[in-house]
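Data file: query_20.cif. Format and content: mmCIF, C-alpha atoms.
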data_protein
#
loop_
_atom_site.group_PDB
_atom_site.id
_atom_site.type_symbol
_atom_site.label_atom_id
_atom_site.label_comp_id
_atom_site.auth_asym_id
_atom_site.auth_seq_id
_atom_site.Cartn_x
_atom_site.Cartn_y
_atom_site.Cartn_z
ATOM 1 C CA TYR A 1 17.347 -7.344 -1.845
ATOM 2 C CA SER A 2 15.654 -4.602 0.133
ATOM 3 C CA LEU A 3 14.678 -1.423 -1.678
ATOM 4 C CA ASP A 4 17.482 0.406 0.151
ATOM 5 C CA GLU A 5 20.001 -2.112 -1.213
ATOM 6 C CA ILE A 6 18.621 -1.860 -4.750
ATOM 7 C CA ASN A 7 18.697 1.923 -4.572
ATOM 8 C CA LEU A 8 22.355 1.844 -3.545
ATOM 9 C CA LYS A 9 23.167 -0.562 -6.398
ATOM 10 C CA PHE A 10 21.603 1.827 -8.902
ATOM 11 C CA GLY A 11 23.428 4.706 -7.241
ATOM 12 C CA GLU A 12 26.740 2.951 -7.765
ATOM 13 C CA VAL A 13 25.986 2.093 -11.401
ATOM 14 C CA TYR A 14 24.940 5.653 -12.258
ATOM 15 C CA LYS A 15 27.622 7.237 -10.056
ATOM 16 C CA GLN A 16 24.998 8.726 -7.757
ATOM 17 C CA LYS A 17 25.796 6.788 -4.601
ATOM 18 C CA SER A 18 25.684 9.874 -2.370
ATOM 19 C CA LYS A 19 22.201 10.745 -3.627
ATOM 20 C CA ALA A 20 21.023 7.161 -3.097
ATOM 21 C CA GLU A 21 22.353 7.215 0.457
ATOM 22 C CA ARG A 22 20.568 10.509 1.163
ATOM 23 C CA ILE A 23 17.288 9.112 -0.175
ATOM 24 C CA ASN A 24 17.666 6.025 1.995
ATOM 25 C CA ASN A 25 18.398 8.136 5.073
ATOM 26 C CA PHE A 26 15.427 10.369 4.315
ATOM 27 C CA THR A 27 13.162 7.304 4.009
ATOM 28 C CA ASN A 28 14.435 5.749 7.209
ATOM 29 C CA GLN A 29 13.741 8.973 9.092
ATOM 30 C CA LEU A 30 10.139 8.761 7.888
ATOM 31 C CA ILE A 31 9.937 5.109 8.922
ATOM 32 C CA ASP A 32 11.310 5.986 12.370
ATOM 33 C CA LEU A 33 8.683 8.734 12.715
ATOM 34 C CA ILE A 34 5.859 6.385 11.752
ATOM 35 C CA SER A 35 7.131 3.597 13.997
ATOM 36 C CA SER A 36 7.424 5.911 17.003
ATOM 37 C CA LYS A 37 3.812 7.012 16.610
ATOM 38 C CA LEU A 38 2.618 3.401 16.314
ATOM 39 C CA LYS A 39 4.587 2.194 19.301
ATOM 40 C CA ASN A 40 1.480 1.399 21.347
ATOM 41 C CA VAL A 41 -0.750 0.423 18.420
ATOM 42 C CA SER A 42 -1.549 -3.255 17.969
ATOM 43 C CA GLY A 43 -2.059 -3.025 14.186
ATOM 44 C CA LYS A 44 -4.951 -3.775 11.868
ATOM 45 C CA LYS A 45 -5.995 -6.972 10.113
ATOM 46 C CA ILE A 46 -5.975 -6.302 6.398
ATOM 47 C CA ALA A 47 -6.922 -8.168 3.237
ATOM 48 C CA ILE A 48 -5.203 -7.129 0.015
ATOM 49 C CA ILE A 49 -7.064 -8.155 -3.117
ATOM 50 C CA TYR A 50 -6.791 -7.692 -6.862
ATOM 51 C CA LEU A 51 -9.109 -8.390 -9.805
ATOM 52 C CA CYS A 52 -7.935 -10.677 -12.592
ATOM 53 C CA LYS A 53 -9.769 -12.407 -15.440
ATOM 54 C CA LYS A 54 -10.576 -15.448 -13.304
ATOM 55 C CA GLY A 55 -11.826 -13.587 -10.251
ATOM 56 C CA ILE A 56 -10.579 -11.844 -7.122
ATOM 57 C CA VAL A 57 -7.035 -12.688 -6.044
ATOM 58 C CA PRO A 58 -6.034 -12.629 -2.349
ATOM 59 C CA PHE A 59 -2.464 -11.440 -1.750
ATOM 60 C CA ASP A 60 0.178 -12.477 0.770
ATOM 61 C CA ILE A 61 1.961 -9.558 2.472
ATOM 62 C CA SER A 62 4.196 -11.562 4.797
ATOM 63 C CA SER A 63 6.835 -12.705 2.293
ATOM 64 C CA ASP A 64 10.126 -10.867 2.020
ATOM 65 C CA GLY A 65 10.691 -8.146 -0.538
ATOM 66 C CA TYR A 66 9.858 -4.506 -0.965
ATOM 67 C CA GLY A 67 6.558 -4.729 -2.882
ATOM 68 C CA PHE A 68 4.370 -4.738 0.211
ATOM 69 C CA SER A 69 6.946 -3.525 2.722
ATOM 70 C CA GLN A 70 4.864 -0.453 3.625
ATOM 71 C CA TYR A 71 2.172 -2.728 5.061
ATOM 72 C CA ARG A 72 4.638 -4.420 7.373
ATOM 73 C CA ILE A 73 6.043 -1.059 8.473
ATOM 74 C CA LEU A 74 2.499 0.101 9.288
ATOM 75 C CA LYS A 75 2.028 -2.993 11.509
ATOM 76 C CA CYS A 76 -0.555 -4.603 9.234
ATOM 77 C CA ILE A 77 -1.648 -8.143 10.065
ATOM 78 C CA ASP A 78 -2.346 -10.549 7.200
ATOM 79 C CA SER A 79 -5.923 -11.734 7.799
ATOM 80 C CA PHE A 80 -5.678 -14.362 5.059
ATOM 81 C CA LYS A 81 -2.633 -15.952 6.665
ATOM 82 C CA ILE A 82 -4.341 -16.104 10.058
ATOM 83 C CA ALA A 83 -7.369 -17.799 8.479
ATOM 84 C CA GLY A 84 -5.172 -20.298 6.623
ATOM 85 C CA ILE A 85 -6.301 -19.141 3.175
ATOM 86 C CA ARG A 86 -3.951 -19.798 0.264
ATOM 87 C CA THR A 87 -2.842 -16.522 -1.257
ATOM 88 C CA TYR A 88 -0.882 -15.277 -4.235
ATOM 89 C CA SER A 89 2.678 -14.264 -3.445
ATOM 90 C CA TYR A 90 5.752 -13.255 -5.382
ATOM 91 C CA GLU A 91 7.537 -16.379 -4.196
ATOM 92 C CA GLY A 92 5.684 -18.473 -6.776
ATOM 93 C CA ASN A 93 2.601 -19.385 -4.751
ATOM 94 C CA LEU A 94 -0.480 -18.917 -6.916
ATOM 95 C CA GLY A 95 -3.130 -19.397 -4.240
ATOM 96 C CA ILE A 96 -6.830 -19.546 -5.049
ATOM 97 C CA MET A 97 -9.530 -17.131 -6.164
ATOM 98 C CA LEU A 98 -11.256 -15.446 -3.247
ATOM 99 C CA ASP A 99 -14.851 -16.379 -2.496
ATOM 100 C CA LYS A 100 -17.279 -14.908 0.021
ATOM 101 C CA GLU A 101 -16.792 -17.700 2.550
ATOM 102 C CA SER A 102 -13.015 -17.199 2.571
ATOM 103 C CA LEU A 103 -13.383 -13.442 3.041
ATOM 104 C CA LEU A 104 -15.767 -14.078 5.923
ATOM 105 C CA MET A 105 -13.242 -16.442 7.512
ATOM 106 C CA ALA A 106 -10.516 -13.805 7.208
ATOM 107 C CA ASN A 107 -12.835 -11.035 8.498
ATOM 108 C CA PRO A 108 -10.363 -8.170 7.929
ATOM 109 C CA ASP A 109 -10.580 -4.787 9.599
ATOM 110 C CA VAL A 110 -9.635 -3.214 6.267
ATOM 111 C CA ILE A 111 -9.918 -4.390 2.651
ATOM 112 C CA ILE A 112 -7.255 -2.929 0.385
ATOM 113 C CA ILE A 113 -7.503 -2.937 -3.402
ATOM 114 C CA ASN A 114 -3.986 -3.538 -4.682
ATOM 115 C CA GLU A 115 -2.908 -0.970 -7.290
ATOM 116 C CA GLY A 116 -6.115 0.927 -6.603
ATOM 117 C CA ILE A 117 -4.241 4.199 -6.898
ATOM 118 C CA TYR A 118 -2.297 3.828 -10.095
ATOM 119 C CA ILE A 119 -1.915 5.820 -13.295
ATOM 120 C CA ASP A 120 -2.760 3.455 -16.145
ATOM 121 C CA ASN A 121 -1.685 3.766 -19.785
ATOM 122 C CA ARG A 122 -4.380 6.355 -20.482
ATOM 123 C CA TYR A 123 -3.316 8.406 -17.439
ATOM 124 C CA ASN A 124 -6.591 7.836 -15.631
ATOM 125 C CA PHE A 125 -6.276 8.092 -11.876
ATOM 126 C CA PHE A 126 -8.407 5.008 -11.269
ATOM 127 C CA SER A 127 -8.015 2.103 -13.637
ATOM 128 C CA ARG A 128 -10.979 0.241 -15.128
ATOM 129 C CA ARG A 129 -9.920 -2.849 -13.151
ATOM 130 C CA THR A 130 -10.192 -0.947 -9.882
ATOM 131 C CA ILE A 131 -13.654 0.374 -10.733
ATOM 132 C CA LEU A 132 -14.858 -3.126 -11.610
ATOM 133 C CA LEU A 133 -13.549 -4.491 -8.308
ATOM 134 C CA GLN A 134 -15.155 -1.652 -6.361
ATOM 135 C CA ASN A 135 -18.483 -2.456 -8.036
ATOM 136 C CA GLU A 136 -18.111 -6.140 -7.182
ATOM 137 C CA LEU A 137 -17.370 -5.348 -3.541
ATOM 138 C CA GLU A 138 -20.503 -3.182 -3.415
ATOM 139 C CA LYS A 139 -22.501 -6.258 -4.412
ATOM 140 C CA TRP A 140 -20.750 -8.310 -1.735
ATOM 141 C CA LYS A 141 -21.560 -5.683 0.889
ATOM 142 C CA ASN A 142 -25.253 -6.297 0.248
ATOM 143 C CA ASP A 143 -24.920 -10.059 0.600
ATOM 144 C CA PRO A 144 -26.599 -11.321 3.836
ATOM 145 C CA LEU A 145 -23.648 -13.677 4.385
ATOM 146 C CA LEU A 146 -21.221 -10.740 4.632
ATOM 147 C CA LYS A 147 -23.360 -8.172 6.419
ATOM 148 C CA ASP A 148 -21.332 -8.525 9.636
ATOM 149 C CA LEU A 149 -17.900 -8.391 7.976
ATOM 150 C CA THR A 150 -15.859 -5.893 10.006
ATOM 151 C CA ALA A 151 -14.460 -4.008 6.987
ATOM 152 C CA PHE A 152 -17.920 -3.623 5.460
ATOM 153 C CA LYS A 153 -19.577 -2.552 8.707
ATOM 154 C CA ASN A 154 -16.936 0.141 9.246
ATOM 155 C CA ASN A 155 -16.792 1.142 5.558
ATOM 156 C CA GLN A 156 -13.092 0.304 5.422
ATOM 157 C CA ILE A 157 -12.377 -0.398 1.761
ATOM 158 C CA ILE A 158 -9.378 1.606 0.628
ATOM 159 C CA LEU A 159 -7.309 1.935 -2.518
ATOM 160 C CA GLY A 160 -3.774 0.643 -2.117
ATOM 161 C CA GLY A 161 -0.638 1.671 -3.939
ATOM 162 C CA ILE A 162 1.574 -0.116 -6.418
ATOM 163 C CA TYR A 163 3.819 -3.013 -5.441
ATOM 164 C CA ASP A 164 6.496 -2.305 -8.050
ATOM 165 C CA GLN A 165 7.460 0.821 -6.150
ATOM 166 C CA GLY A 166 10.762 2.617 -6.388
ATOM 167 C CA PRO A 167 12.504 4.560 -3.606
ATOM 168 C CA ILE A 168 10.568 7.806 -4.209
ATOM 169 C CA ALA A 169 7.186 6.120 -4.669
ATOM 170 C CA ARG A 170 7.772 4.267 -1.393
ATOM 171 C CA ILE A 171 8.055 7.552 0.508
ATOM 172 C CA TYR A 172 4.710 8.777 -0.783
ATOM 173 C CA GLN A 173 3.076 5.380 -0.276
ATOM 174 C CA LEU A 174 4.230 5.213 3.325
ATOM 175 C CA GLU A 175 2.600 8.562 4.006
ATOM 176 C CA MET A 176 -0.504 7.527 2.072
ATOM 177 C CA LEU A 177 -1.005 4.257 3.942
ATOM 178 C CA ALA A 178 -0.302 5.835 7.336
ATOM 179 C CA LYS A 179 -3.060 8.379 6.739
ATOM 180 C CA GLN A 180 -5.439 5.797 5.271
ATOM 181 C CA LEU A 181 -5.120 3.356 8.175
ATOM 182 C CA TYR A 182 -4.593 5.727 11.098
ATOM 183 C CA PRO A 183 -6.139 9.141 10.303
ATOM 184 C CA GLU A 184 -6.531 9.788 14.026
ATOM 185 C CA ILE A 185 -2.722 9.634 14.361
ATOM 186 C CA PHE A 186 -1.372 10.879 11.031
ATOM 187 C CA GLY A 187 -4.211 13.030 9.700
ATOM 188 C CA LYS A 188 -6.814 12.493 7.008
ATOM 189 C CA PHE A 189 -5.742 11.075 3.644
ATOM 190 C CA ASN A 190 -6.211 13.187 0.510
ATOM 191 C CA SER A 191 -6.210 11.323 -2.797
ATOM 192 C CA ASN A 192 -4.231 14.120 -4.489
ATOM 193 C CA HIS A 193 -1.454 13.809 -1.852
ATOM 194 C CA LYS A 194 -1.535 17.568 -1.290
ATOM 195 C CA TYR A 195 -1.379 18.652 2.348
ATOM 196 C CA PRO A 196 -0.487 21.842 4.178
ATOM 197 C CA GLU A 197 3.025 21.640 5.614
ATOM 198 C CA ASN A 198 1.803 20.922 9.145
ATOM 199 C CA GLU A 199 -0.014 17.791 7.883
ATOM 200 C CA GLN A 200 2.845 16.400 5.806
ATOM 201 C CA LEU A 201 4.771 13.433 7.196
ATOM 202 C CA PHE A 202 7.838 14.465 5.209
ATOM 203 C CA SER A 203 9.138 17.666 3.647
ATOM 204 C CA ARG A 204 8.523 17.849 -0.091
ATOM 205 C CA LYS A 205 11.176 20.553 -0.364
ATOM 206 C CA ASP A 206 13.834 18.476 1.390
ATOM 207 C CA LEU A 207 13.077 15.504 -0.858
ATOM 208 C CA ARG A 208 13.193 17.693 -3.960
ATOM 209 C CA ASP A 209 16.546 19.106 -2.874
ATOM 210 C CA ILE A 210 17.968 15.610 -2.501
ATOM 211 C CA ILE A 211 16.710 14.540 -5.935
ATOM 212 C CA LEU A 212 18.118 17.675 -7.574
ATOM 213 C CA ASN A 213 21.369 17.493 -5.584
ATOM 214 C CA GLU A 214 20.704 20.874 -3.978
#

Can the structure in the file be given as structure tokens, please?
Amino acid sequence: YSLDEINLKFGEVYKQKSKAERINNFTNQLIDLISSKLKNVSGKKIAIIYLCKKGIVPFDISSDGYGFSQYRILKCIDSFKIAGIRTYSYEGNLGIMLDKESLLMANPDVIIINEGIYIDNRYNFFSRRTILLQNELEKWKNDPLLKDLTAFKNNQIILGGIYDQGPIARIYQLEMLAKQLYPEIFGKFNSNHKYPENEQLFSRKDLRDIILNE
């Protein structure tokens, strides 16, 4: 199912189908806006990674589903897939732990830390896992083998959103990723998600009105 379809299912169950439809329409208007502005953009090669107990996990963004749908909407290109590197996916493929040679082969324009912006159980903005991965990447940046890696040279290591996103989170994450990847088109990203109205990609008031049935 797409997130739109799941949202409609929940709307039917909770007798809020009209609200679900309005949220979907609101989201699709945002997607149309983003797509129109990226019409002549070729996209960026990205590498999504995550830290687990065994090491750094490379993720697949090309499989179906809504978890990483914002990356496909923003015309992201899976650098791991191009390089033929086995990745973790939600289709049951476990992949391999990422090593320096594999990252060099992928040579992404941007490295994205999956769930980098996430409120953990203690309500910290950045989780301990994210900080550990950031520290590890700092060590990799100083490795002679990786000194010419495009993402490192251009200081393009960004914190990604959550993959278990709902319909409202998706709206904010679309705006977040658009600003992170293309600040020259969509404006500079602020980690608190607070922008003056002329820099917002969607109206907070309109979204609030839909949620509150106003």

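Using all atoms listed in the file, the contacts of Asp209 in chain A at a cut-off of 12 Å, with sequence neighbours closer than 5 positions omitted, comprise A:Lys19, A:Arg22, A:Ile23, A:Phe26, A:Ser203, A:Arg204, A:Glu214.
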
Emit as AutoDock Vina command-line options the padded axis-aligned box for all listed atoms of range 131-138 of chain A, 4 Å per side, with centre and edge lengths in Å to one decimal.
--center_x -17.0 --center_y -2.9 --center_z -7.5 --size_x 15.0 --size_y 14.5 --size_z 16.2

Using the chain letters and numbers from the file, give me the residues hit by the PyMOL selection byres ((chain A and resi 152-157) around 8), as a ChimeraX atom specification. /A:109-113,141,146-151,158-159

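CA of Ala106 in chain A lies 7.2 Å from CA of Ile82 in chain A.
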
For the file shown, what are the residues hit by the PyMOL selection byres ((chain A and resi 172-174) around 10), laid out as a ChimeraX atom specification? /A:27,30-31,34,69-71,73-74,117,160-163,165,167-171,175-180,193,201-202,204

Contacts of Met105 in chain A at 12 Å (only C-alpha atoms; same-chain gap of 2+ positions) as a list in words: Ala47, Ser79, Phe80, Lys81, Ile82, Ala83, Gly84, Ile85, Leu98, Asp99, Lys100, Glu101, Ser102, Leu103, Asn107, Pro108, Leu145, Leu146, Asp148, Leu149 and Thr150 of chain A

Restricting the output to C-alpha atoms, write the selected residues as a short mmCIF file (atom, residue, chain, number, x, y, z; two decimals), in the frame of the given file.
data_model
loop_
_atom_site.label_atom_id
_atom_site.label_comp_id
_atom_site.auth_asym_id
_atom_site.auth_seq_id
_atom_site.Cartn_x
_atom_site.Cartn_y
_atom_site.Cartn_z
CA ALA A 47 -6.92 -8.17 3.24
CA SER A 79 -5.92 -11.73 7.80
CA PHE A 80 -5.68 -14.36 5.06
CA LYS A 81 -2.63 -15.95 6.66
CA ILE A 82 -4.34 -16.10 10.06
CA ALA A 83 -7.37 -17.80 8.48
CA GLY A 84 -5.17 -20.30 6.62
CA ILE A 85 -6.30 -19.14 3.18
CA LEU A 98 -11.26 -15.45 -3.25
CA ASP A 99 -14.85 -16.38 -2.50
CA LYS A 100 -17.28 -14.91 0.02
CA GLU A 101 -16.79 -17.70 2.55
CA SER A 102 -13.02 -17.20 2.57
CA LEU A 103 -13.38 -13.44 3.04
CA ASN A 107 -12.84 -11.04 8.50
CA PRO A 108 -10.36 -8.17 7.93
CA LEU A 145 -23.65 -13.68 4.38
CA LEU A 146 -21.22 -10.74 4.63
CA ASP A 148 -21.33 -8.52 9.64
CA LEU A 149 -17.90 -8.39 7.98
CA THR A 150 -15.86 -5.89 10.01
#

A straight line from CA of Ile211 in chain A to CA of Ser18 in chain A spans 10.7 Å

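Atom to atom, CA of Arg208 in chain A and CA of Phe68 in chain A stand 24.5 Å apart.
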
Just want the 8 Å neighbourhood of Phe10 in chain A, counted on all atoms listed in the file, with same-chain residues fewer than 6 positions away dropped. Output as a list in words. Gln16, Lys17 and Ala20 of chain A

Residues near Gly43 in chain A, cut-off 7 Å, only C-alpha atoms, skip fewer than 4 positions along chain, as an NGL selection string: :A and (75-77)

Please produce an output containing C-alpha atoms for each residue in the selection, written as a PDB file, in the coordinates of the input.
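The file below, again31.pdb, is the result:
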ATOM      1  CA  LYS A  75       2.028  -2.993  11.509  1.00  0.00           C
ATOM      2  CA  CYS A  76      -0.555  -4.603   9.234  1.00  0.00           C
ATOM      3  CA  ILE A  77      -1.648  -8.143  10.065  1.00  0.00           C
TER       4      ILE A  77
END

Closest of A:Asn114, A:Asn213, A:Asn190, A:Asn7 to Gly67 in chain A, counting all atoms listed in the file, is A:Asn114
